[in-house]
file target12.tsv (TSV, C-alpha atoms and all ligand atoms)
chain	number	residue	atom	x	y	z
A	227	ALA	CA	1.50	-11.74	23.39
A	228	SER	CA	2.60	-8.35	24.64
A	229	THR	CA	6.19	-8.23	25.82
A	230	GLY	CA	5.56	-5.08	27.81
A	231	THR	CA	8.84	-3.56	26.58
A	232	THR	CA	8.92	0.15	25.90
A	233	HIS	CA	12.39	0.61	24.46
A	234	ALA	CA	12.07	0.46	20.70
A	235	ARG	CA	11.97	3.90	19.14
A	236	GLY	CA	11.00	5.02	15.68
A	237	ASP	CA	14.12	6.95	14.77
A	238	ASP	CA	16.41	4.30	13.32
A	239	PHE	CA	14.27	2.65	10.66
A	240	LEU	CA	12.22	3.85	7.73
A	241	VAL	CA	8.54	4.39	8.38
A	242	VAL	CA	5.97	4.04	5.59
A	243	GLY	CA	2.63	5.69	6.38
A	244	HIS	CA	0.45	2.82	5.19
A	245	ARG	CA	-2.48	4.40	3.29
A	246	GLY	CA	-1.56	7.57	5.20
A	247	ALA	CA	-2.20	7.86	8.94
A	248	SER	CA	-5.13	5.52	8.55
A	249	GLY	CA	-5.78	5.24	12.27
A	250	TYR	CA	-6.51	8.96	12.41
A	251	ARG	CA	-8.12	9.92	9.10
A	252	PRO	CA	-10.01	7.96	6.41
A	253	GLU	CA	-7.30	6.18	4.42
A	254	HIS	CA	-6.06	7.38	1.03
A	255	THR	CA	-7.07	11.00	1.53
A	256	LEU	CA	-4.67	13.94	1.33
A	257	ALA	CA	-5.47	14.62	4.99
A	258	SER	CA	-4.42	11.10	5.92
A	259	TYR	CA	-1.16	11.32	3.95
A	260	GLU	CA	-0.34	14.75	5.32
A	261	LEU	CA	-0.89	13.68	8.90
A	262	ALA	CA	1.32	10.62	8.36
A	263	ALA	CA	4.16	12.85	7.18
A	264	ARG	CA	3.67	15.27	10.05
A	265	MET	CA	3.72	12.34	12.49
A	266	GLY	CA	7.13	11.36	11.18
A	267	ALA	CA	6.56	8.97	8.28
A	268	ASP	CA	9.36	8.89	5.70
A	269	TYR	CA	7.04	7.72	2.91
A	270	ILE	CA	3.35	7.93	2.17
A	271	GLU	CA	1.78	4.95	0.46
A	272	PRO	CA	-0.90	5.53	-2.20
A	273	ASP	CA	-2.63	2.47	-3.66
A	274	LEU	CA	-3.33	3.27	-7.31
A	275	VAL	CA	-6.40	2.48	-9.43
A	276	THR	CA	-7.75	4.30	-12.50
A	277	THR	CA	-10.79	6.33	-13.53
A	278	LYS	CA	-12.75	5.85	-16.78
A	279	ASP	CA	-10.74	8.64	-18.40
A	280	GLY	CA	-7.45	7.08	-17.39
A	281	VAL	CA	-6.45	9.18	-14.38
A	282	LEU	CA	-4.65	7.39	-11.56
A	283	VAL	CA	-6.38	7.91	-8.22
A	284	ALA	CA	-5.70	6.60	-4.75
A	285	ARG	CA	-8.04	3.86	-3.50
A	286	HIS	CA	-7.30	0.49	-1.98
A	287	GLU	CA	-9.79	-1.19	-4.30
A	288	PRO	CA	-11.49	-0.26	-7.58
A	289	GLU	CA	-14.85	-0.94	-5.86
A	290	ILE	CA	-15.64	2.17	-3.82
A	291	SER	CA	-18.86	1.61	-1.88
A	292	GLU	CA	-16.90	1.04	1.34
A	293	THR	CA	-14.53	3.98	0.96
A	294	THR	CA	-16.81	6.68	-0.50
A	295	ASP	CA	-20.40	7.88	-0.22
A	296	VAL	CA	-21.19	6.70	-3.77
A	297	ALA	CA	-24.20	4.63	-2.60
A	298	ALA	CA	-25.87	7.84	-1.39
A	299	HIS	CA	-25.72	9.44	-4.87
A	300	PRO	CA	-28.96	8.62	-6.75
A	301	GLU	CA	-27.45	9.88	-10.01
A	302	PHE	CA	-25.02	6.94	-9.90
A	303	ALA	CA	-27.51	4.25	-8.85
A	304	ASN	CA	-27.45	2.67	-12.32
A	305	ARG	CA	-23.65	2.31	-12.25
A	306	LYS	CA	-23.91	-0.43	-9.66
A	307	THR	CA	-22.71	-3.64	-11.23
A	308	THR	CA	-21.09	-7.01	-10.59
A	309	LYS	CA	-17.60	-7.76	-11.89
A	310	ASN	CA	-15.07	-10.55	-11.65
A	311	LEU	CA	-12.19	-9.04	-9.69
A	312	ASP	CA	-9.27	-11.46	-9.67
A	313	GLY	CA	-11.58	-14.46	-9.58
A	314	ILE	CA	-14.04	-13.05	-7.05
A	315	GLN	CA	-17.53	-11.75	-7.95
A	316	VAL	CA	-17.75	-8.22	-6.52
A	317	THR	CA	-20.90	-6.07	-6.58
A	318	GLY	CA	-20.74	-2.30	-6.27
A	319	TRP	CA	-19.37	0.80	-7.97
A	320	PHE	CA	-15.99	0.74	-9.71
A	321	THR	CA	-13.58	3.65	-10.26
A	322	GLU	CA	-13.06	2.69	-13.91
A	323	ASP	CA	-16.76	3.43	-14.57
A	324	PHE	CA	-16.44	7.04	-13.35
A	325	THR	CA	-14.71	9.97	-14.99
A	326	LEU	CA	-12.47	11.98	-12.73
A	327	ALA	CA	-15.05	14.79	-12.75
A	328	GLU	CA	-17.70	12.34	-11.53
A	329	LEU	CA	-15.41	10.84	-8.92
A	330	ARG	CA	-14.73	14.36	-7.66
A	331	THR	CA	-18.37	14.69	-6.61
A	332	LEU	CA	-17.94	11.82	-4.12
A	333	ARG	CA	-16.50	12.09	-0.63
A	334	ALA	CA	-14.32	9.60	1.19
A	335	LYS	CA	-15.43	7.74	4.28
A	336	GLU	CA	-13.81	5.43	6.82
A	337	ARG	CA	-13.49	1.93	5.37
A	338	ILE	CA	-13.68	0.01	8.64
A	339	PRO	CA	-15.97	2.03	10.94
A	340	ALA	CA	-16.39	-0.84	13.40
A	341	LEU	CA	-12.64	-0.80	14.02
A	342	ARG	CA	-11.83	2.87	13.48
A	343	GLN	CA	-14.88	4.57	14.85
A	344	GLN	CA	-12.78	7.64	15.65
A	345	ASN	CA	-12.35	8.32	11.92
A	346	THR	CA	-16.03	8.49	11.09
A	347	ILE	CA	-16.25	12.13	12.19
A	348	TYR	CA	-14.32	12.89	8.99
A	349	ASP	CA	-16.72	11.02	6.69
A	350	GLY	CA	-17.88	13.27	3.88
A	351	ARG	CA	-15.03	15.80	4.22
A	352	TYR	CA	-12.37	14.65	1.80
A	353	ARG	CA	-12.18	13.97	-1.93
A	354	VAL	CA	-10.55	11.00	-3.64
A	355	PRO	CA	-7.06	12.28	-4.52
A	356	THR	CA	-5.29	11.81	-7.83
A	357	PHE	CA	-1.76	10.37	-7.94
A	358	GLN	CA	-0.63	13.79	-9.14
A	359	GLU	CA	-2.09	15.42	-6.04
A	360	VAL	CA	-0.32	12.90	-3.81
A	361	ILE	CA	2.98	13.70	-5.52
A	362	ASP	CA	2.32	17.44	-5.19
A	363	LEU	CA	1.57	16.97	-1.51
A	364	ALA	CA	4.79	15.02	-0.92
A	365	LYS	CA	6.78	17.77	-2.67
A	366	ARG	CA	5.10	20.53	-0.65
A	367	LEU	CA	5.58	18.71	2.67
A	368	SER	CA	9.23	17.94	1.83
A	369	ARG	CA	9.83	21.66	1.47
A	370	GLU	CA	7.84	22.58	4.54
A	371	LEU	CA	9.16	19.87	6.87
A	372	ARG	CA	12.70	20.17	5.46
A	373	ARG	CA	13.11	16.45	4.99
A	374	GLU	CA	12.29	14.27	2.04
A	375	ILE	CA	8.77	12.80	2.12
A	376	GLY	CA	8.85	9.90	-0.33
A	377	VAL	CA	6.05	8.22	-2.28
A	378	TYR	CA	5.74	4.44	-2.00
A	379	ALA	CA	3.08	3.71	-4.64
A	380	GLU	CA	1.31	0.41	-5.22
A	381	THR	CA	-0.35	-0.60	-8.48
A	382	LYS	CA	-3.58	-2.32	-7.46
A	383	HIS	CA	-5.06	-5.20	-9.49
A	384	PRO	CA	-2.99	-4.38	-12.60
A	385	SER	CA	-4.02	-7.43	-14.63
A	386	TYR	CA	-7.70	-6.71	-13.88
A	387	PHE	CA	-7.30	-3.19	-15.22
A	388	ARG	CA	-5.33	-4.42	-18.24
A	389	GLN	CA	-8.17	-6.82	-19.06
A	390	GLN	CA	-10.55	-3.84	-18.94
A	391	GLY	CA	-8.38	-1.96	-21.45
A	392	LYS	CA	-7.27	0.49	-18.77
A	393	ALA	CA	-3.70	-0.50	-18.00
A	394	LEU	CA	-2.18	1.26	-15.00
A	395	GLU	CA	1.46	0.78	-15.94
A	396	PRO	CA	1.86	3.37	-18.77
A	397	LYS	CA	0.13	5.95	-16.59
A	398	VAL	CA	2.56	5.31	-13.75
A	399	VAL	CA	5.52	5.77	-16.09
A	400	GLU	CA	3.98	8.88	-17.64
A	401	THR	CA	3.22	10.46	-14.25
A	402	LEU	CA	6.69	9.82	-12.83
A	403	ASN	CA	8.30	11.12	-16.04
A	404	ARG	CA	6.17	14.26	-16.00
A	405	ASN	CA	7.22	14.99	-12.42
A	406	GLY	CA	10.92	14.33	-12.93
A	407	LEU	CA	10.66	11.35	-10.57
A	408	ASN	CA	11.66	8.52	-12.89
A	409	ARG	CA	15.20	8.42	-11.58
A	410	ARG	CA	17.28	6.75	-8.89
A	411	GLY	CA	17.36	8.82	-5.72
A	412	ALA	CA	13.88	10.23	-6.30
A	413	GLU	CA	12.48	8.79	-3.04
A	414	VAL	CA	9.89	6.85	-4.99
A	415	TYR	CA	9.14	3.13	-4.89
A	416	VAL	CA	6.66	1.16	-6.96
A	417	GLN	CA	5.34	-2.05	-5.41
A	418	SER	CA	2.95	-4.66	-6.73
A	419	PHE	CA	1.61	-8.10	-5.90
A	420	GLU	CA	1.72	-9.02	-9.59
A	421	VAL	CA	4.84	-10.20	-11.37
A	422	SER	CA	3.92	-9.25	-14.95
A	423	ASN	CA	3.20	-5.71	-13.82
A	424	LEU	CA	6.69	-5.26	-12.36
A	425	GLN	CA	8.34	-7.02	-15.30
A	426	TRP	CA	6.69	-4.54	-17.68
A	427	LEU	CA	7.75	-1.60	-15.53
A	428	ASP	CA	11.33	-2.81	-14.95
A	429	PRO	CA	12.88	-1.59	-18.25
A	430	ARG	CA	10.82	1.60	-18.18
A	431	LEU	CA	11.36	2.83	-14.62
A	432	ASN	CA	14.54	3.86	-12.85
A	433	VAL	CA	12.98	3.82	-9.38
A	434	PRO	CA	13.24	0.69	-7.23
A	435	LEU	CA	10.52	-1.94	-7.69
A	436	VAL	CA	9.25	-4.13	-4.87
A	437	GLN	CA	7.60	-7.51	-5.34
A	438	LEU	CA	4.88	-7.95	-2.73
A	439	THR	CA	4.09	-11.46	-1.49
A	440	SER	CA	1.44	-12.80	0.81
A	441	ALA	CA	1.14	-15.85	3.01
A	442	SER	CA	-2.00	-16.82	1.11
A	443	GLY	CA	-1.93	-19.72	-1.30
A	444	ARG	CA	-3.17	-17.50	-4.13
A	445	PRO	CA	-1.47	-17.28	-7.50
A	446	TYR	CA	0.83	-14.30	-7.77
A	447	ASP	CA	-0.46	-13.09	-11.09
A	448	PHE	CA	-4.04	-13.26	-12.18
A	449	THR	CA	-3.20	-13.11	-15.88
A	450	LEU	CA	-1.71	-16.58	-15.56
A	451	ALA	CA	-4.94	-18.56	-15.41
A	452	GLY	CA	-4.28	-22.16	-14.51
A	453	ASP	CA	-0.66	-21.46	-13.69
A	454	PRO	CA	0.25	-23.30	-10.48
A	455	ARG	CA	2.81	-20.77	-9.28
A	456	THR	CA	1.97	-19.04	-6.02
A	457	TYR	CA	3.62	-16.62	-3.61
A	458	ALA	CA	5.12	-19.61	-1.81
A	459	ASP	CA	7.14	-20.29	-4.98
A	460	LEU	CA	8.44	-16.73	-5.09
A	461	VAL	CA	9.97	-16.92	-1.60
A	462	THR	CA	12.11	-20.00	-2.21
A	463	ALA	CA	15.82	-19.40	-2.85
A	464	ASP	CA	15.27	-20.00	-6.58
A	465	GLY	CA	12.17	-17.84	-6.62
A	466	LEU	CA	14.00	-14.96	-4.94
A	467	ARG	CA	16.84	-15.10	-7.45
A	468	TRP	CA	14.24	-14.93	-10.21
A	469	VAL	CA	12.53	-11.95	-8.54
A	470	SER	CA	15.88	-10.16	-8.30
A	471	ARG	CA	16.07	-10.07	-12.12
A	472	TYR	CA	13.23	-7.52	-12.31
A	473	ALA	CA	12.79	-6.15	-8.77
A	474	ASP	CA	15.01	-4.47	-6.20
A	475	GLY	CA	13.12	-5.49	-3.13
A	476	LEU	CA	10.71	-7.95	-1.61
A	477	GLY	CA	7.64	-6.86	0.38
A	478	PRO	CA	6.57	-9.95	2.30
A	479	GLU	CA	3.62	-10.13	4.62
A	480	LYS	CA	5.32	-9.99	8.03
A	481	GLY	CA	4.04	-13.44	8.99
A	482	GLN	CA	6.23	-14.89	6.23
A	483	VAL	CA	9.25	-13.62	8.17
A	484	ILE	CA	8.14	-14.02	11.77
A	485	PRO	CA	5.24	-16.42	12.04
A	486	ARG	CA	2.92	-16.54	15.03
A	487	ASP	CA	1.53	-19.62	16.69
A	488	ALA	CA	-2.20	-20.27	17.01
A	489	ALA	CA	-2.33	-18.22	20.22
A	490	GLY	CA	-0.69	-15.26	18.50
A	491	PHE	CA	2.78	-15.55	20.04
A	492	LEU	CA	5.75	-14.67	17.85
A	493	LEU	CA	7.76	-17.69	16.69
A	494	GLU	CA	11.35	-17.93	15.47
A	495	PRO	CA	11.98	-16.01	12.25
A	496	THR	CA	12.12	-17.90	8.99
A	497	THR	CA	15.17	-17.59	6.73
A	498	LEU	CA	13.34	-15.32	4.31
A	499	VAL	CA	15.20	-12.09	5.11
A	500	ARG	CA	18.57	-13.82	4.84
A	501	ASP	CA	17.59	-15.59	1.61
A	502	ALA	CA	16.27	-12.38	0.08
A	503	HIS	CA	19.42	-10.49	1.01
A	504	ARG	CA	21.51	-13.27	-0.52
A	505	ALA	CA	19.51	-12.79	-3.72
A	506	GLY	CA	20.38	-9.09	-3.58
A	507	LEU	CA	16.89	-7.94	-2.56
A	508	ASP	CA	16.00	-5.37	0.08
A	509	VAL	CA	13.19	-6.50	2.38
A	510	HIS	CA	10.28	-4.23	3.30
A	511	PRO	CA	7.75	-6.29	5.25
A	512	TYR	CA	4.17	-5.14	5.83
A	513	THR	CA	2.10	-4.15	7.85
A	514	PHE	CA	3.18	-3.09	11.32
A	515	ARG	CA	0.11	-2.09	13.21
A	516	VAL	CA	-2.11	-3.32	15.96
A	517	GLU	CA	-5.66	-2.53	14.97
A	518	ASN	CA	-7.31	-0.29	17.51
A	519	GLN	CA	-3.90	0.69	18.89
A	520	PHE	CA	-2.20	3.45	17.02
A	521	LEU	CA	1.18	5.02	17.49
A	522	PRO	CA	1.25	8.19	19.57
A	523	ALA	CA	1.45	11.28	17.37
A	524	ASP	CA	4.95	12.06	18.67
A	525	PHE	CA	6.17	8.47	18.44
A	526	ARG	CA	9.57	9.45	17.08
A	527	SER	CA	10.48	11.48	20.13
A	528	SER	CA	8.45	10.05	22.98
A	529	ALA	CA	8.69	6.90	25.06
A	530	VAL	CA	6.38	4.31	23.58
A	531	PRO	CA	3.61	3.18	25.90
A	532	ALA	CA	3.80	-0.42	27.09
A	533	ASP	CA	0.66	-1.25	25.14
A	534	TYR	CA	2.68	-0.89	21.97
A	535	GLY	CA	5.34	-3.30	23.15
A	536	ASP	CA	4.25	-6.15	20.94
A	537	LEU	CA	4.28	-3.98	17.85
A	538	PHE	CA	7.76	-2.72	18.63
A	539	ALA	CA	8.99	-6.18	19.57
A	540	GLU	CA	7.96	-7.23	16.07
A	541	ILE	CA	9.69	-4.27	14.48
A	542	ALA	CA	12.84	-4.90	16.53
A	543	ALA	CA	12.83	-8.53	15.45
A	544	PHE	CA	12.99	-7.49	11.81
A	545	ARG	CA	15.97	-5.23	12.19
B	1	LIG	O1	3.04	-2.35	1.42
B	1	LIG	C1	2.29	-3.49	1.30
B	1	LIG	C2	0.84	-3.27	1.47
B	1	LIG	O2	0.48	-1.98	1.15
B	1	LIG	C3	0.06	-4.23	0.67
B	1	LIG	O3	-1.15	-4.47	1.21
B	1	LIG	O4	-3.55	-4.46	1.02
B	1	LIG	O5	-2.49	-2.82	2.46
B	1	LIG	O6	-2.34	-2.56	0.04
B	1	LIG	P1	-2.42	-3.52	1.17
B	2	CA	CA	-0.86	-0.85	-0.38
call {"tool": "encode", "arguments": {"input": "target12.tsv", "output": "structure tokens"}}
result
Amino acid sequence: ASTGTTHARGDDFLVVGHRGASGYRPEHTLASYELAARMGADYIEPDLVTTKDGVLVARHEPEISETTDVAAHPEFANRKTTKNLDGIQVTGWFTEDFTLAELRTLRAKERIPALRQQNTIYDGRYRVPTFQEVIDLAKRLSRELRREIGVYAETKHPSYFRQQGKALEPKVVETLNRNGLNRRGAEVYVQSFEVSNLQWLDPRLNVPLVQLTSASGRPYDFTLAGDPRTYADLVTADGLRWVSRYADGLGPEKGQVIPRDAAGFLLEPTTLVRDAHRAGLDVHPYTFRVENQFLPADFRSSAVPADYGDLFAEIAAFR
């Protein structure tokens, strides 16, 4: 569904480096975040999970066999286990079963080698970063690049971690407080797919909170067993007004704003952006990428190749 247009440029909208520059380095590594900032991202986006000793670290999932070399460590062979992760039985190694010192002995690897073969040359080079290290990196790069590099953090599976007695939320508050970042204007966002997580954070954080939604029919909060409410309920006019009581923004999956037909062509936008704005919510849709096609490193200053036209047509349609 490429439009072939080359006109959209990256200099008049905010760019969030999703999991870093994940088309160029294994995601959620300091190298990936740093490259994203150097390529022009305004924010880097760590997904947060916890270690056994309660340290927030950046991984997309608590289960780490796909994103680290843990399976190649015989000393951790007996940590392999099966857990119920938000209603799904998952077998592997989980961050909450490793101390930070143990996790430090692992090395990151590309999560989707079939799709991002170019990243596999970096397998084994980078550690799993802590949230503190991500914040330190953003501060250092802000000074060096002379523009603010923000942190757009996501709490991953918060009700799962709460059920394990390892709640993420107090650690997020503590870390932002310790770094002087729990204030408006700090260039920090906290986003989550789970409602109860954001509602707990709302009175304790002064940074904007973003309610993520997906086009899936899943419940929006896994602590609410048997509760019929789903993401579809959150994006109604009533749902959005309710969200606006505890959140500042909505992070919809982009297909909830501009659906595609079965052949992949973009359809007319839904009223979601308008409805969310009417409810007083900012809208930060995710994720703008075409797998296997990545933005040129100088995308903010160069003409965008025609191959990227569809991606930019999408971005333009959201503005
Ligand atoms: O910003 C939204 C996005 O990060 C949520 O999806 O799965 O990439 O963490 P995911
Ligand atoms: Ca994320």
call {"tool": "residues_near_point", "arguments": {"input": "target12.tsv", "point": "(8.8, 4.8, 7.3)", "cutoff": "7 Å", "atoms": "all atoms listed in the file", "output": "ChimeraX atom specification"}}
result
/A:239-243,267-269
call {"tool": "residues_near_ligand", "arguments": {"input": "target12.tsv", "ligand": "ligand CA 2 (chain B)", "cutoff": "10 Å", "atoms": "all atoms listed in the file", "output": "PDB file with C-alpha atoms, in the coordinates of the input"}}
result
ATOM      1  CA  HIS A 244       0.450   2.820   5.190  1.00  0.00           C
ATOM      2  CA  ARG A 245      -2.480   4.400   3.290  1.00  0.00           C
ATOM      3  CA  HIS A 254      -6.060   7.380   1.030  1.00  0.00           C
ATOM      4  CA  GLU A 271       1.780   4.950   0.460  1.00  0.00           C
ATOM      5  CA  PRO A 272      -0.900   5.530  -2.200  1.00  0.00           C
ATOM      6  CA  ASP A 273      -2.630   2.470  -3.660  1.00  0.00           C
ATOM      7  CA  LEU A 274      -3.330   3.270  -7.310  1.00  0.00           C
ATOM      8  CA  ALA A 284      -5.700   6.600  -4.750  1.00  0.00           C
ATOM      9  CA  ARG A 285      -8.040   3.860  -3.500  1.00  0.00           C
ATOM     10  CA  HIS A 286      -7.300   0.490  -1.980  1.00  0.00           C
ATOM     11  CA  GLU A 287      -9.790  -1.190  -4.300  1.00  0.00           C
ATOM     12  CA  TYR A 378       5.740   4.440  -2.000  1.00  0.00           C
ATOM     13  CA  ALA A 379       3.080   3.710  -4.640  1.00  0.00           C
ATOM     14  CA  GLU A 380       1.310   0.410  -5.220  1.00  0.00           C
ATOM     15  CA  THR A 381      -0.350  -0.600  -8.480  1.00  0.00           C
ATOM     16  CA  LYS A 382      -3.580  -2.320  -7.460  1.00  0.00           C
ATOM     17  CA  GLN A 417       5.340  -2.050  -5.410  1.00  0.00           C
ATOM     18  CA  SER A 418       2.950  -4.660  -6.730  1.00  0.00           C
ATOM     19  CA  PHE A 419       1.610  -8.100  -5.900  1.00  0.00           C
ATOM     20  CA  LEU A 438       4.880  -7.950  -2.730  1.00  0.00           C
ATOM     21  CA  TYR A 512       4.170  -5.140   5.830  1.00  0.00           C
ATOM     22  CA  THR A 513       2.100  -4.150   7.850  1.00  0.00           C
TER      23      THR A 513
END
call {"tool": "closest_residue", "arguments": {"input": "target12.tsv", "among": "A:Gly350, A:Gly506, A:Gly443, A:Gly246", "to": "ligand LIG 1 (chain B)", "atoms": "all atoms listed in the file"}}
result
A:Gly246
call {"tool": "residues_around", "arguments": {"input": "target12.tsv", "residues": "Gln343 (chain A)", "least_positions_apart": "2", "cutoff": "12 Å", "atoms": "only C-alpha atoms", "output": "number ranges by chain"}}
result
A: 248-252, 335-341, 345-349, 517-518
call {"tool": "atom_distance", "arguments": {"input": "target12.tsv", "atom1": "CA of Asp279 (chain A)", "atom2": "CA of Lys309 (chain A)"}}
result
18.9 Å
call {"tool": "atom_distance", "arguments": {"input": "target12.tsv", "atom1": "CA of Asn405 (chain A)", "atom2": "CA of Val283 (chain A)"}}
result
15.9 Å
call {"tool": "closest_residue", "arguments": {"input": "target12.tsv", "among": "A:Asp508, A:Gly481, A:Arg342, A:Gly266", "to": "Thr496 (chain A)", "atoms": "all atoms listed in the file"}}
result
A:Gly481
call {"tool": "closest_residue", "arguments": {"input": "target12.tsv", "among": "A:Arg500, A:Arg388, A:Arg467, A:His383", "to": "ligand LIG 1 (chain B)", "atoms": "all atoms listed in the file"}}
result
A:His383
call {"tool": "closest_residue", "arguments": {"input": "target12.tsv", "among": "A:Thr277, A:Asn408, A:Asn310, A:Thr439", "to": "ligand LIG 1 (chain B)", "atoms": "all atoms listed in the file"}}
result
A:Thr439
call {"tool": "closest_residue", "arguments": {"input": "target12.tsv", "among": "A:Ala505, A:Val377, A:Val499, A:Leu394", "to": "ligand LIG 1 (chain B)", "atoms": "all atoms listed in the file"}}
result
A:Val377
call {"tool": "atom_distance", "arguments": {"input": "target12.tsv", "atom1": "CA of Leu256 (chain A)", "atom2": "CA of Arg330 (chain A)"}}
result
13.5 Å
call {"tool": "residues_around", "arguments": {"input": "target12.tsv", "residues": "Tyr386 (chain A)", "least_positions_apart": "6", "cutoff": "10 Å", "atoms": "all atoms listed in the file", "output": "ChimeraX atom specification"}}
result
/A:288,310-313,392-394,448-449
call {"tool": "closest_residue", "arguments": {"input": "target12.tsv", "among": "A:Ala473, A:Val399, A:Val483, A:Ile270", "to": "ligand LIG 1 (chain B)", "atoms": "all atoms listed in the file"}}
result
A:Ile270
call {"tool": "residues_around", "arguments": {"input": "target12.tsv", "residues": "Lys480 (chain A)", "least_positions_apart": "2", "cutoff": "12 Å", "atoms": "only C-alpha atoms", "output": "PyMOL selection string"}}
result
chain A and resi 438-441+476-478+482-486+492-493+495-496+498-499+509-515+537+540-541+543-544
